[in-house]
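Participant: As input, take data-v6.txt (compact mmCIF, C-alpha atoms):
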# COMPACT_ATOMS: atom_id res chain seq x y z
CA MET A 1 -107.10 -91.06 41.09
CA SER A 2 -109.91 -89.40 39.16
CA LYS A 3 -111.90 -91.14 36.43
CA GLU A 4 -110.37 -88.79 33.84
CA ALA A 5 -106.84 -89.64 34.99
CA LYS A 6 -107.54 -93.38 34.81
CA GLU A 7 -108.99 -93.07 31.32
CA PHE A 8 -105.96 -91.05 30.23
CA LYS A 9 -103.54 -93.65 31.59
CA ASN A 10 -105.49 -96.56 30.11
CA PHE A 11 -105.42 -95.04 26.63
CA ARG A 12 -101.64 -94.63 26.83
CA LYS A 13 -101.29 -98.26 27.91
CA GLU A 14 -103.34 -99.29 24.89
CA MET A 15 -101.35 -97.08 22.52
CA TYR A 16 -97.91 -98.28 23.59
CA ARG A 17 -98.46 -101.93 24.48
CA GLY A 18 -96.05 -103.99 22.36
CA ASP A 19 -94.21 -100.94 20.96
CA GLU A 20 -90.57 -102.05 20.61
CA LEU A 21 -89.23 -98.49 20.98
CA TYR A 22 -91.24 -97.66 24.11
CA ALA A 23 -90.21 -98.22 27.73
CA GLY A 24 -92.89 -97.97 30.42
CA THR A 25 -90.72 -95.86 32.73
CA ALA A 26 -91.86 -92.88 30.65
CA GLU A 27 -95.10 -92.98 32.63
CA PHE A 28 -93.42 -91.92 35.87
CA VAL A 29 -93.32 -88.29 34.72
CA THR A 30 -96.71 -88.56 33.03
CA ASP A 31 -98.20 -89.66 36.36
CA MET A 32 -96.73 -86.63 38.16
CA LEU A 33 -98.66 -84.32 35.85
CA VAL A 34 -101.83 -86.35 35.32
CA GLY A 35 -102.17 -86.92 39.06
CA GLN A 36 -100.68 -83.52 39.99
CA THR A 37 -98.57 -85.21 42.66
CA THR A 38 -95.74 -82.63 42.86
CA ASP A 39 -95.89 -79.07 44.15
CA PHE A 40 -95.09 -77.81 40.66
CA ALA A 41 -97.88 -79.85 39.04
CA LYS A 42 -100.37 -78.75 41.70
CA LYS A 43 -99.74 -75.13 40.73
CA CYS A 44 -100.43 -75.86 37.07
CA THR A 45 -103.82 -76.03 35.43
CA VAL A 46 -103.91 -79.55 33.98
CA VAL A 47 -106.88 -80.60 31.86
CA PRO A 48 -107.12 -83.89 29.93
CA LEU A 49 -108.61 -83.32 26.47
CA ALA A 50 -109.84 -86.19 24.31
CA GLU A 51 -111.46 -86.94 20.99
CA GLU A 52 -114.06 -89.70 21.28
CA SER A 53 -115.99 -91.77 18.76
CA PRO A 54 -118.65 -94.49 19.11
CA SER A 55 -115.84 -97.06 18.98
CA GLY A 56 -113.92 -95.39 21.82
CA ARG A 57 -111.22 -92.82 22.41
CA GLN A 58 -109.29 -91.81 19.30
CA ALA A 59 -106.92 -89.12 20.57
CA GLN A 60 -105.92 -87.35 23.77
CA CYS A 61 -103.49 -84.88 25.31
CA LEU A 62 -102.90 -82.93 28.50
CA TRP A 63 -103.68 -79.23 28.22
CA ILE A 64 -101.38 -77.50 30.70
CA HIS A 65 -100.96 -73.93 31.80
CA ALA A 66 -97.99 -73.36 34.09
CA ARG A 67 -98.36 -70.45 36.48
CA GLY A 68 -96.67 -67.27 35.26
CA THR A 69 -96.51 -68.27 31.58
CA ASP A 70 -98.40 -66.66 28.71
CA TYR A 71 -98.97 -69.82 26.66
CA ALA A 72 -100.74 -73.15 26.87
CA GLN A 73 -98.99 -76.48 26.51
CA VAL A 74 -100.17 -79.57 24.69
CA ALA A 75 -98.38 -82.48 26.36
CA PHE A 76 -98.44 -86.28 25.96
CA PHE A 77 -100.27 -86.06 22.65
CA ASP A 78 -101.50 -89.35 21.18
CA ALA A 79 -103.79 -90.07 18.25
CA LYS A 80 -104.88 -93.14 16.31
CA SER A 81 -105.47 -91.25 13.05
CA SER A 82 -104.79 -87.92 11.37
CA GLU A 83 -108.50 -87.10 11.47
CA ALA A 84 -108.65 -87.59 15.24
CA ALA A 85 -105.42 -85.63 15.66
CA GLU A 86 -106.77 -82.69 13.69
CA LYS A 87 -109.95 -82.58 15.76
CA LEU A 88 -108.01 -82.72 19.02
CA ILE A 89 -105.65 -79.95 17.92
CA GLU A 90 -108.61 -77.72 17.09
CA LYS A 91 -110.16 -78.55 20.46
CA ALA A 92 -106.91 -77.59 22.23
CA LYS A 93 -106.70 -74.31 20.31
CA ALA A 94 -110.30 -73.43 21.13
CA PHE A 95 -109.77 -74.24 24.81
CA THR A 96 -106.62 -72.09 24.84
CA ALA A 97 -108.48 -69.12 23.36
CA GLN A 98 -111.31 -69.65 25.84
CA LYS A 99 -108.79 -69.37 28.68
CA GLY A 100 -107.52 -66.06 27.34
CA LEU A 101 -104.14 -67.29 26.11
CA GLY A 102 -102.86 -66.36 22.69
CA ARG A 103 -100.17 -68.99 22.08
CA ILE A 104 -99.98 -72.77 22.13
CA VAL A 105 -96.82 -74.90 22.51
CA VAL A 106 -96.91 -78.58 21.56
CA GLY A 107 -94.34 -80.91 23.12
CA LEU A 108 -93.52 -79.22 26.43
CA HIS A 109 -94.49 -81.44 29.36
CA GLY A 110 -95.16 -78.99 32.17
CA HIS A 111 -91.58 -77.81 32.62
CA LEU A 112 -88.37 -78.32 30.67
CA SER A 113 -87.05 -80.45 33.54
CA TYR A 114 -90.04 -82.81 33.16
CA GLY A 115 -89.46 -83.30 29.46
CA VAL A 116 -89.74 -81.62 26.09
CA GLY A 117 -90.15 -82.60 22.47
CA ILE A 118 -92.32 -84.56 20.09
CA LEU A 119 -90.08 -87.46 19.04
CA THR A 120 -89.43 -87.29 15.28
CA GLY A 121 -86.71 -89.93 14.88
CA ALA A 122 -85.09 -92.74 16.91
CA LYS A 123 -82.60 -95.51 16.24
CA SER A 124 -83.25 -97.66 19.32
CA LYS A 125 -85.52 -98.15 22.33
CA ASN A 126 -86.20 -95.08 24.40
CA THR A 127 -83.68 -94.28 27.13
CA PHE A 128 -84.67 -93.42 30.70
CA ASP A 129 -85.96 -89.84 31.10
CA THR A 130 -86.34 -89.24 27.36
CA CYS A 131 -89.67 -88.19 25.86
CA TYR A 132 -91.37 -90.78 23.70
CA ASN A 133 -94.32 -90.89 21.33
CA LYS A 134 -95.27 -92.81 18.22
CA LEU A 135 -93.14 -91.81 15.25
CA GLY A 136 -95.09 -89.87 12.65
CA TYR A 137 -96.82 -87.43 14.98
CA SER A 138 -94.81 -84.56 13.49
CA GLU A 139 -97.06 -84.73 10.43
CA TYR A 140 -99.99 -83.57 12.57
CA PHE A 141 -98.27 -80.26 13.38
CA LYS A 142 -96.73 -79.43 9.99
CA ASP A 143 -98.94 -76.35 9.61
CA PHE A 144 -97.86 -74.77 12.92
CA GLY A 145 -96.12 -71.43 12.43
CA THR A 146 -92.92 -72.14 14.37
CA VAL A 147 -90.89 -75.32 14.74
CA HIS A 148 -87.93 -75.76 17.12
CA THR A 149 -85.75 -78.86 16.72
CA LEU A 150 -83.76 -80.78 19.32
CA SER A 151 -81.31 -83.70 19.23
CA ALA A 152 -79.91 -86.38 21.51
CA TYR A 153 -76.41 -87.72 20.82
CA ARG A 154 -74.93 -91.20 21.24
CA GLN A 155 -71.46 -92.67 20.94
CA GLU A 156 -69.37 -95.60 22.15
CA VAL A 157 -67.77 -94.72 25.47
CA LYS A 158 -64.29 -95.64 24.25
CA GLU A 159 -64.59 -93.24 21.30
CA ALA A 160 -66.03 -90.46 23.45
CA ARG A 161 -63.15 -91.00 25.90
CA ARG A 162 -60.61 -90.79 23.07
CA ARG A 163 -62.08 -87.47 21.96
CA LEU A 164 -62.11 -86.15 25.52
CA ASP A 165 -58.45 -87.09 25.97
CA GLU A 166 -57.55 -84.98 22.93
CA VAL A 167 -58.74 -81.80 24.70
CA ARG A 168 -55.72 -80.31 26.47
CA PHE A 169 -57.19 -77.42 28.50
CA ASP A 170 -55.57 -76.81 31.87
CA THR A 171 -58.30 -77.17 34.51
CA SER A 172 -56.19 -76.16 37.51
CA GLY A 173 -58.16 -74.18 40.07
CA TYR A 174 -61.24 -76.32 39.54
CA ALA A 175 -62.35 -79.24 41.68
CA VAL A 176 -65.26 -81.63 41.35
CA ARG A 177 -67.07 -83.06 44.35
CA LYS A 178 -69.63 -85.84 44.61
CA ALA A 179 -72.98 -84.94 46.14
CA ASP A 180 -73.43 -85.68 49.81
CA PHE A 181 -76.57 -87.81 49.89
CA SER A 182 -76.83 -87.51 53.67
CA ARG A 183 -77.97 -83.98 52.75
CA PHE A 184 -79.94 -85.05 49.68
CA ALA A 185 -82.58 -82.31 49.78
CA GLU A 186 -79.92 -79.61 50.20
CA GLU A 187 -77.86 -80.99 47.33
CA CYS A 188 -80.95 -81.06 45.11
CA GLU A 189 -81.48 -77.42 46.03
CA THR A 190 -77.89 -76.59 45.03
CA MET A 191 -78.54 -78.32 41.72
CA ARG A 192 -81.76 -76.31 41.29
CA ARG A 193 -80.03 -73.02 41.98
CA ILE A 194 -77.27 -73.70 39.46
CA CYS A 195 -79.74 -75.12 36.94
CA ASP A 196 -81.91 -71.99 37.08
CA GLY A 197 -78.81 -69.85 36.52
CA THR A 198 -77.43 -71.90 33.64
CA ILE A 199 -79.94 -74.13 31.87
CA GLY A 200 -82.39 -71.40 32.88
CA GLU A 201 -81.12 -69.47 29.85
CA THR A 202 -82.55 -72.21 27.61
CA TYR A 203 -85.68 -71.54 25.57
CA LEU A 204 -88.96 -72.33 27.40
CA TYR A 205 -87.21 -72.86 30.74
CA GLU A 206 -89.14 -71.23 33.56
CA PRO A 207 -87.65 -70.42 37.01
CA THR A 208 -88.32 -73.13 39.57
CA GLU A 209 -89.22 -73.00 43.24
CA ARG A 210 -87.46 -74.60 46.19
CA GLY A 211 -87.92 -78.37 46.27
CA HIS A 212 -88.52 -78.69 42.51
CA PHE A 213 -85.63 -81.07 41.79
CA TYR A 214 -85.96 -82.87 45.09
CA GLU A 215 -89.47 -83.92 44.11
CA LEU A 216 -88.26 -85.04 40.68
CA LEU A 217 -85.35 -87.08 42.03
CA LYS A 218 -86.45 -88.38 45.43
CA ASP A 219 -87.93 -91.63 44.07
CA MET A 220 -84.69 -92.27 42.17
CA LYS A 221 -82.50 -91.85 45.24
CA ILE A 222 -82.53 -95.57 46.01
CA LEU A 223 -80.90 -96.18 42.61
CA LEU A 224 -78.31 -93.40 42.89
CA SER A 225 -75.18 -92.54 44.81
CA GLY A 226 -73.41 -89.23 45.35
CA ALA A 227 -71.25 -89.97 42.29
CA ASN A 228 -74.30 -89.52 40.04
CA LEU A 229 -74.57 -85.82 40.93
CA LEU A 230 -71.27 -84.00 40.50
CA PHE A 231 -70.61 -80.39 41.46
CA LEU A 232 -67.94 -78.19 39.96
CA THR A 233 -66.27 -75.92 42.52
CA TYR A 234 -64.05 -72.89 42.06
CA GLY A 235 -62.76 -70.71 44.86
CA GLY A 236 -64.81 -72.75 47.32
CA LYS A 237 -68.11 -72.12 45.51
CA ASP A 238 -70.29 -74.49 43.50
CA VAL A 239 -70.33 -73.14 39.93
CA GLY A 240 -71.60 -76.11 37.93
CA PHE A 241 -73.22 -79.54 38.09
CA LEU A 242 -73.48 -82.73 36.05
CA PHE A 243 -76.20 -85.33 36.60
CA TRP A 244 -75.84 -88.79 35.10
CA HIS A 245 -77.27 -92.27 35.64
CA PRO A 246 -77.42 -95.68 33.99
CA ASP A 247 -80.02 -96.08 31.28
CA TYR A 248 -82.41 -98.01 33.50
CA ASN A 249 -84.54 -98.79 30.46
CA GLY A 250 -81.90 -101.31 29.46
CA ALA A 251 -83.26 -103.51 32.24
CA VAL A 252 -86.95 -103.34 31.26
CA LYS A 253 -88.83 -104.97 28.41
CA ALA A 254 -90.16 -102.76 25.65
CA GLY A 255 -93.87 -102.18 25.16
CA LYS A 256 -94.85 -103.13 28.71
CA PRO A 257 -96.24 -100.92 31.51
CA TYR A 258 -94.27 -100.78 34.78
CA SER A 259 -95.18 -99.68 38.28
CA SER A 260 -92.45 -98.31 40.52
CA LEU A 261 -92.26 -101.69 42.27
CA SER A 262 -92.13 -103.81 39.11
CA PHE A 263 -89.51 -101.48 37.64
CA ALA A 264 -87.31 -101.74 40.74
CA LEU A 265 -87.59 -105.54 40.67
CA SER A 266 -86.77 -105.70 36.97
CA TYR A 267 -83.74 -103.47 37.44
CA ALA A 268 -82.50 -105.54 40.37
CA LEU A 269 -82.73 -108.74 38.30
CA ARG A 270 -81.54 -107.39 34.93
CA ARG A 271 -79.17 -104.53 35.72
CA GLY A 272 -76.34 -106.45 34.09
CA LYS A 273 -78.03 -105.85 30.74
CA VAL A 274 -77.64 -102.07 31.01
CA ASP A 275 -74.95 -101.08 28.50
CA THR A 276 -75.63 -97.33 28.23
CA VAL A 277 -74.90 -94.43 30.54
CA LYS A 278 -77.11 -91.35 30.31
CA LEU A 279 -75.62 -87.86 30.60
CA ASN A 280 -78.86 -86.35 31.78
CA SER A 281 -77.97 -82.70 32.33
CA ILE A 282 -75.03 -80.37 32.76
CA GLY A 283 -74.94 -76.70 33.71
CA VAL A 284 -71.90 -74.46 34.22
CA CYS A 285 -72.00 -70.81 35.26
CA LYS A 286 -70.74 -68.07 32.97
CA GLY A 287 -67.01 -67.53 33.20
CA HIS A 288 -66.40 -71.22 33.82
CA ARG A 289 -67.84 -72.88 30.72
CA GLY A 290 -64.60 -73.88 28.98
CA LYS A 291 -62.23 -75.28 31.54
CA GLY A 292 -64.99 -75.93 34.07
CA THR A 293 -67.06 -77.99 31.65
CA LEU A 294 -63.98 -80.03 30.78
CA ALA A 295 -63.26 -80.66 34.47
CA LEU A 296 -66.82 -81.95 34.97
CA LEU A 297 -66.61 -84.21 31.91
CA ARG A 298 -63.30 -85.68 33.08
CA ALA A 299 -64.77 -86.38 36.52
CA PHE A 300 -67.82 -87.98 34.89
CA ASP A 301 -65.53 -90.17 32.80
CA ASP A 302 -63.69 -91.28 35.94
CA CYS A 303 -67.00 -92.22 37.58
CA ILE A 304 -68.32 -94.41 34.77
CA GLY A 305 -65.06 -96.34 34.33
CA GLU A 306 -65.43 -99.41 32.12
CA ARG A 307 -69.01 -100.30 33.05
CA TYR A 308 -70.80 -99.08 29.92
CA LYS A 309 -70.43 -99.49 26.18
CA TYR A 310 -72.41 -96.43 25.09
CA ILE A 311 -73.08 -92.91 26.29
CA GLU A 312 -76.21 -90.96 25.34
CA THR A 313 -77.25 -87.40 26.12
CA ASN A 314 -80.61 -85.94 26.96
CA PHE A 315 -82.14 -83.40 24.54
CA VAL A 316 -80.12 -80.46 23.23
CA TRP A 317 -81.80 -77.55 21.41
CA ASP A 318 -80.32 -77.36 17.92
CA CYS A 319 -80.43 -73.55 18.12
CA ASN A 320 -78.04 -73.74 21.09
CA LYS A 321 -74.99 -73.66 18.87
CA LYS A 322 -72.35 -73.95 21.60
CA SER A 323 -73.95 -77.01 23.22
CA SER A 324 -74.64 -78.60 19.85
CA MET A 325 -71.03 -78.06 18.74
CA LEU A 326 -69.74 -79.56 22.00
CA ASN A 327 -71.90 -82.65 21.61
CA LYS A 328 -70.94 -83.08 17.97
CA LYS A 329 -67.27 -82.76 18.88
CA MET A 330 -67.37 -85.17 21.84
CA LEU A 331 -70.02 -87.64 20.65
CA GLY A 332 -70.71 -86.94 17.02
CA GLU A 333 -73.78 -88.97 16.17
CA VAL A 334 -77.35 -87.70 16.44
CA TRP A 335 -79.38 -90.64 17.73
CA ARG A 336 -82.81 -89.15 18.41
CA THR A 337 -84.53 -86.06 17.07
CA PHE A 338 -87.40 -84.03 18.53
CA ALA A 339 -89.46 -80.96 17.70
CA VAL A 340 -91.53 -78.40 19.57
CA TYR A 341 -94.35 -76.71 17.65
CA GLU A 342 -95.77 -73.26 18.35
CA GLU A 343 -98.78 -71.43 17.04
CA THR A 344 -100.03 -67.91 17.77
CA LEU A 345 -103.82 -67.91 17.85
Please rewrite the model in this file as structure tokens.

Facilitator:
Amino acid sequence: MSKEAKEFKNFRKEMYRGDELYAGTAEFVTDMLVGQTTDFAKKCTVVPLAEESPSGRQAQCLWIHARGTDYAQVAFFDAKSSEAAEKLIEKAKAFTAQKGLGRIVVGLHGHLSYGVGILTGAKSKNTFDTCYNKLGYSEYFKDFGTVHTLSAYRQEVKEARRRLDEVRFDTSGYAVRKADFSRFAEECETMRRICDGTIGETYLYEPTERGHFYELLKDMKILLSGANLLFLTYGGKDVGFLFWHPDYNGAVKAGKPYSSLSFALSYALRRGKVDTVKLNSIGVCKGHRGKGTLALLRAFDDCIGERYKYIETNFVWDCNKKSSMLNKKMLGEVWRTFAVYEETL
């Protein structure tokens, strides 16, 4: 690991040590981009930017340019003061202009599948695979020209189940299969193909290359089974997917860094404390999004049984009216809020 990468990681450890809303598993994705350990990250330009003072580092971010995009990203932004934040933002804008790019996006972490959003509100400790930063950072970007908002939803499983049972659509013709983990790489590729064709319509999503989701999920495989990746089939073809997992953060202590090994040990010893299931992502092809989505949700409900008290979603763009309406109908309560900030230079 380079000196710059180590300094970047050390500053984040300092910033989040003892933070009761922060779970150290957030660093697993950060490390992929800082260390450029995945094929996707290797094809990005990733530059740590920092604001220093005689007393030490005051702010930092990752400046990222993903191949094929016409904008720069400011990811994993942290600052100890508004003054340091302002200086770092100006540095990022100047660097973007220097690289010949005319737009800057704050809050996208490489790719939508890696994470998106500056956290603007939270009611509990961060869940696994949810972006986290100190609350209050939104103030630093209030002068940006464009703001996009996102939400994550949470509800008691028994209430979500009651609402699901009230939906009476006939789902005949659809079937749901569990992923075959003896063909894990192939199943990840099926997920990628469907994701690109469905979630790929989402703002800021860029097409992925073969192996993208395999690299994201391979280290999680030991914690998963085929039931965690469900595929919707119709006429013998896969036309949708749903990926879910326990909120592993329920088994780790807040405000403490974790390596992959220490996380696995903590989960093995404390998994009984996990009371939340995470609906990470769902994508259904056009022509199947009513009945097919319901079939996937029913299969998901069968898989989780009585093991969890709460269900929480990953981010949903508020401008995505259909997805937002579905989440409000099935879950109801907004639990976390996020924003993405854009500026044309």

Participant: At most 12 Å from (-69.3, -79.1, 40.8), file frame, all atoms listed in the file: which residues, as a PDB file with C-alpha atoms, in the frame of the given file?

Facilitator:
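The resulting file, point08.pdb, is shown below:
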ATOM      1  CA  TYR A 174     -61.240 -76.320  39.540  1.00  0.00           C
ATOM      2  CA  ALA A 175     -62.350 -79.240  41.680  1.00  0.00           C
ATOM      3  CA  VAL A 176     -65.260 -81.630  41.350  1.00  0.00           C
ATOM      4  CA  ARG A 177     -67.070 -83.060  44.350  1.00  0.00           C
ATOM      5  CA  LYS A 178     -69.630 -85.840  44.610  1.00  0.00           C
ATOM      6  CA  ALA A 179     -72.980 -84.940  46.140  1.00  0.00           C
ATOM      7  CA  ASP A 180     -73.430 -85.680  49.810  1.00  0.00           C
ATOM      8  CA  GLU A 187     -77.860 -80.990  47.330  1.00  0.00           C
ATOM      9  CA  THR A 190     -77.890 -76.590  45.030  1.00  0.00           C
ATOM     10  CA  MET A 191     -78.540 -78.320  41.720  1.00  0.00           C
ATOM     11  CA  ILE A 194     -77.270 -73.700  39.460  1.00  0.00           C
ATOM     12  CA  CYS A 195     -79.740 -75.120  36.940  1.00  0.00           C
ATOM     13  CA  GLY A 226     -73.410 -89.230  45.350  1.00  0.00           C
ATOM     14  CA  ALA A 227     -71.250 -89.970  42.290  1.00  0.00           C
ATOM     15  CA  ASN A 228     -74.300 -89.520  40.040  1.00  0.00           C
ATOM     16  CA  LEU A 229     -74.570 -85.820  40.930  1.00  0.00           C
ATOM     17  CA  LEU A 230     -71.270 -84.000  40.500  1.00  0.00           C
ATOM     18  CA  PHE A 231     -70.610 -80.390  41.460  1.00  0.00           C
ATOM     19  CA  LEU A 232     -67.940 -78.190  39.960  1.00  0.00           C
ATOM     20  CA  THR A 233     -66.270 -75.920  42.520  1.00  0.00           C
ATOM     21  CA  TYR A 234     -64.050 -72.890  42.060  1.00  0.00           C
ATOM     22  CA  GLY A 235     -62.760 -70.710  44.860  1.00  0.00           C
ATOM     23  CA  GLY A 236     -64.810 -72.750  47.320  1.00  0.00           C
ATOM     24  CA  LYS A 237     -68.110 -72.120  45.510  1.00  0.00           C
ATOM     25  CA  ASP A 238     -70.290 -74.490  43.500  1.00  0.00           C
ATOM     26  CA  VAL A 239     -70.330 -73.140  39.930  1.00  0.00           C
ATOM     27  CA  GLY A 240     -71.600 -76.110  37.930  1.00  0.00           C
ATOM     28  CA  PHE A 241     -73.220 -79.540  38.090  1.00  0.00           C
ATOM     29  CA  LEU A 242     -73.480 -82.730  36.050  1.00  0.00           C
ATOM     30  CA  PHE A 243     -76.200 -85.330  36.600  1.00  0.00           C
ATOM     31  CA  ILE A 282     -75.030 -80.370  32.760  1.00  0.00           C
ATOM     32  CA  GLY A 283     -74.940 -76.700  33.710  1.00  0.00           C
ATOM     33  CA  VAL A 284     -71.900 -74.460  34.220  1.00  0.00           C
ATOM     34  CA  CYS A 285     -72.000 -70.810  35.260  1.00  0.00           C
ATOM     35  CA  HIS A 288     -66.400 -71.220  33.820  1.00  0.00           C
ATOM     36  CA  ARG A 289     -67.840 -72.880  30.720  1.00  0.00           C
ATOM     37  CA  GLY A 292     -64.990 -75.930  34.070  1.00  0.00           C
ATOM     38  CA  THR A 293     -67.060 -77.990  31.650  1.00  0.00           C
ATOM     39  CA  LEU A 294     -63.980 -80.030  30.780  1.00  0.00           C
ATOM     40  CA  ALA A 295     -63.260 -80.660  34.470  1.00  0.00           C
ATOM     41  CA  LEU A 296     -66.820 -81.950  34.970  1.00  0.00           C
ATOM     42  CA  LEU A 297     -66.610 -84.210  31.910  1.00  0.00           C
ATOM     43  CA  ARG A 298     -63.300 -85.680  33.080  1.00  0.00           C
ATOM     44  CA  ALA A 299     -64.770 -86.380  36.520  1.00  0.00           C
ATOM     45  CA  PHE A 300     -67.820 -87.980  34.890  1.00  0.00           C
TER      46      PHE A 300
END

Participant: Given 4 Å of margin on each side, can you work out the centre and size in Å (one decimal) of an axis-aligned box holding every listed atom of region 315-331 of chain A, as JSON?

Facilitator:
{"center_x": -74.7, "center_y": -80.6, "center_z": 21.2, "size_x": 22.9, "size_y": 22.1, "size_z": 14.6}

Participant: Please list, as a ChimeraX atom specification, the residues that have an atom at most 8 Å away from (-110.2, -85.4, 32.2) in the coordinates of this file, counting all atoms listed in the file.

Facilitator: /A:3-5,7-8,47-50

Participant: May I have the selected residues written with C-alpha atoms, as an mmCIF file, keeping the file's coordinate frame?

Facilitator:
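again.cif written:
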data_model
loop_
_atom_site.group_PDB
_atom_site.id
_atom_site.type_symbol
_atom_site.label_atom_id
_atom_site.label_comp_id
_atom_site.auth_asym_id
_atom_site.auth_seq_id
_atom_site.Cartn_x
_atom_site.Cartn_y
_atom_site.Cartn_z
ATOM 1 C CA LYS A 3 -111.900 -91.140 36.430
ATOM 2 C CA GLU A 4 -110.370 -88.790 33.840
ATOM 3 C CA ALA A 5 -106.840 -89.640 34.990
ATOM 4 C CA GLU A 7 -108.990 -93.070 31.320
ATOM 5 C CA PHE A 8 -105.960 -91.050 30.230
ATOM 6 C CA VAL A 47 -106.880 -80.600 31.860
ATOM 7 C CA PRO A 48 -107.120 -83.890 29.930
ATOM 8 C CA LEU A 49 -108.610 -83.320 26.470
ATOM 9 C CA ALA A 50 -109.840 -86.190 24.310
#

Participant: Could you give me, as a compact mmCIF listing (two decimals) with C-alpha atoms, keeping the file's coordinate frame, the residues within 7 Å of Arg154 (chain A), counting all atoms listed in the file and dropping anything in the same chain fewer than 4 positions from it?

Facilitator:
# COMPACT_ATOMS: atom_id res chain seq x y z
CA TYR A 310 -72.41 -96.43 25.09
CA ILE A 311 -73.08 -92.91 26.29
CA GLU A 312 -76.21 -90.96 25.34
CA THR A 313 -77.25 -87.40 26.12
CA LEU A 331 -70.02 -87.64 20.65
CA GLU A 333 -73.78 -88.97 16.17
CA VAL A 334 -77.35 -87.70 16.44
CA TRP A 335 -79.38 -90.64 17.73

Participant: Could you please determine the separation between CA of Tyr16 (chain A) and CA of Arg271 (chain A) in Å, to one decimal place?

Facilitator: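 Interatomic distance here is 23.2 Å.
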
Participant: Env of Ala185 (chain A): 10 Å cut, atoms = all atoms listed in the file, seq-sep filter 4 positions within chain, self excluded. Answer as a list in words.

Facilitator: Asp180, Phe181, Glu189, Thr190, Met191, Arg210, Gly211, Phe213, Tyr214, Glu215, Leu217 and Lys218 of chain A

Participant: Using all atoms listed in the file, can you tell me which of A:Lys253, A:Lys278, A:Arg336, A:Lys221 comes closest to Tyr132 (chain A)?

Facilitator: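 Smallest distance to Tyr132 (chain A) is found for A:Arg336.
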
Participant: So, with only C-alpha atoms as the atoms that count, which of A:Val147, A:Gly290, A:Glu52, A:Glu27 lies closest to Asp170 (chain A)?

Facilitator: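 Among the listed residues, A:Gly290 lies closest to Asp170 (chain A).
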
Participant: Using only C-alpha atoms, find the one residue out of A:Lys91, A:His65, A:Lys80, A:Lys42 that sits nearest to Phe11 (chain A).

Facilitator: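 Checking each of A:Lys91, A:His65, A:Lys80, A:Lys42 against Phe11 (chain A), counting only C-alpha atoms, the winner is A:Lys80.
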
Participant: Which of these, A:Pro246, A:Lys256, A:Val29, A:Arg163, has the shortest distance to Glu14 (chain A) once you count all atoms listed in the file?

Facilitator: A:Lys256

Participant: Nearest residue to Asp301 (chain A) out of A:Asp143, A:Glu343, A:Glu51, A:Glu159, using only C-alpha atoms?

Facilitator: A:Glu159

Participant: Of the residues A:Gly305, A:Leu112, A:Lys291, A:Ala339, which is the one nearest to Phe169 (chain A), using only C-alpha atoms?

Facilitator: A:Lys291

Participant: What is the distance between CA of Thr198 (chain A) and CA of Lys286 (chain A), in Å to one decimal?

Facilitator: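 CA of Thr198 (chain A) sits 7.7 Å away from CA of Lys286 (chain A).
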
Participant: Just to confirm, what's the straight-line distance from CA of Ala84 (chain A) to CA of Thr344 (chain A) in Å (one decimal)?

Facilitator: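 Separation of CA of Ala84 (chain A) and CA of Thr344 (chain A): 21.6 Å.
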
Participant: Considering all atoms listed in the file, give me a table of residues in region 136-242 of chain A that are at most 12 Å from region 66-75 of chain A, with the closest atom pair and distance in Å for each, as a Markdown table.

Facilitator:
| residue | atom | partner | partner_atom | distance |
| --- | --- | --- | --- | --- |
| A:Phe141 | CA | A:Val74 | CA | 11.5 |
| A:Leu204 | CA | A:Thr69 | CA | 9.5 |
| A:Tyr205 | CA | A:Thr69 | CA | 10.4 |
| A:Glu206 | CA | A:Thr69 | CA | 8.2 |
| A:Pro207 | CA | A:Gly68 | CA | 9.7 |
| A:Thr208 | CA | A:Arg67 | CA | 10.8 |
| A:Glu209 | CA | A:Arg67 | CA | 11.7 |

Participant: Skip Asp78 (chain A) itself and residues of its chain fewer than 3 positions away, then list as a ChimeraX atom specification all residues within 9 Å of it, counting all atoms listed in the file.

Facilitator: /A:11-12,15,58-61,85,133-134,137

Participant: Would you write out those residues with C-alpha atoms, as a PDB file, in the frame of the given file?

Facilitator:
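File part.pdb, as written:
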ATOM      1  CA  PHE A  11    -105.420 -95.040  26.630  1.00  0.00           C
ATOM      2  CA  ARG A  12    -101.640 -94.630  26.830  1.00  0.00           C
ATOM      3  CA  MET A  15    -101.350 -97.080  22.520  1.00  0.00           C
ATOM      4  CA  GLN A  58    -109.290 -91.810  19.300  1.00  0.00           C
ATOM      5  CA  ALA A  59    -106.920 -89.120  20.570  1.00  0.00           C
ATOM      6  CA  GLN A  60    -105.920 -87.350  23.770  1.00  0.00           C
ATOM      7  CA  CYS A  61    -103.490 -84.880  25.310  1.00  0.00           C
ATOM      8  CA  ALA A  85    -105.420 -85.630  15.660  1.00  0.00           C
ATOM      9  CA  ASN A 133     -94.320 -90.890  21.330  1.00  0.00           C
ATOM     10  CA  LYS A 134     -95.270 -92.810  18.220  1.00  0.00           C
ATOM     11  CA  TYR A 137     -96.820 -87.430  14.980  1.00  0.00           C
TER      12      TYR A 137
END

Participant: Which polymer residues have any atom within 6 Å of an atom of region 17-24 of chain A, counting only C-alpha atoms, with same-chain residues fewer than 4 positions away left out, as a PyMOL selection string?

Facilitator: chain A and resi 13+125-126+254-258
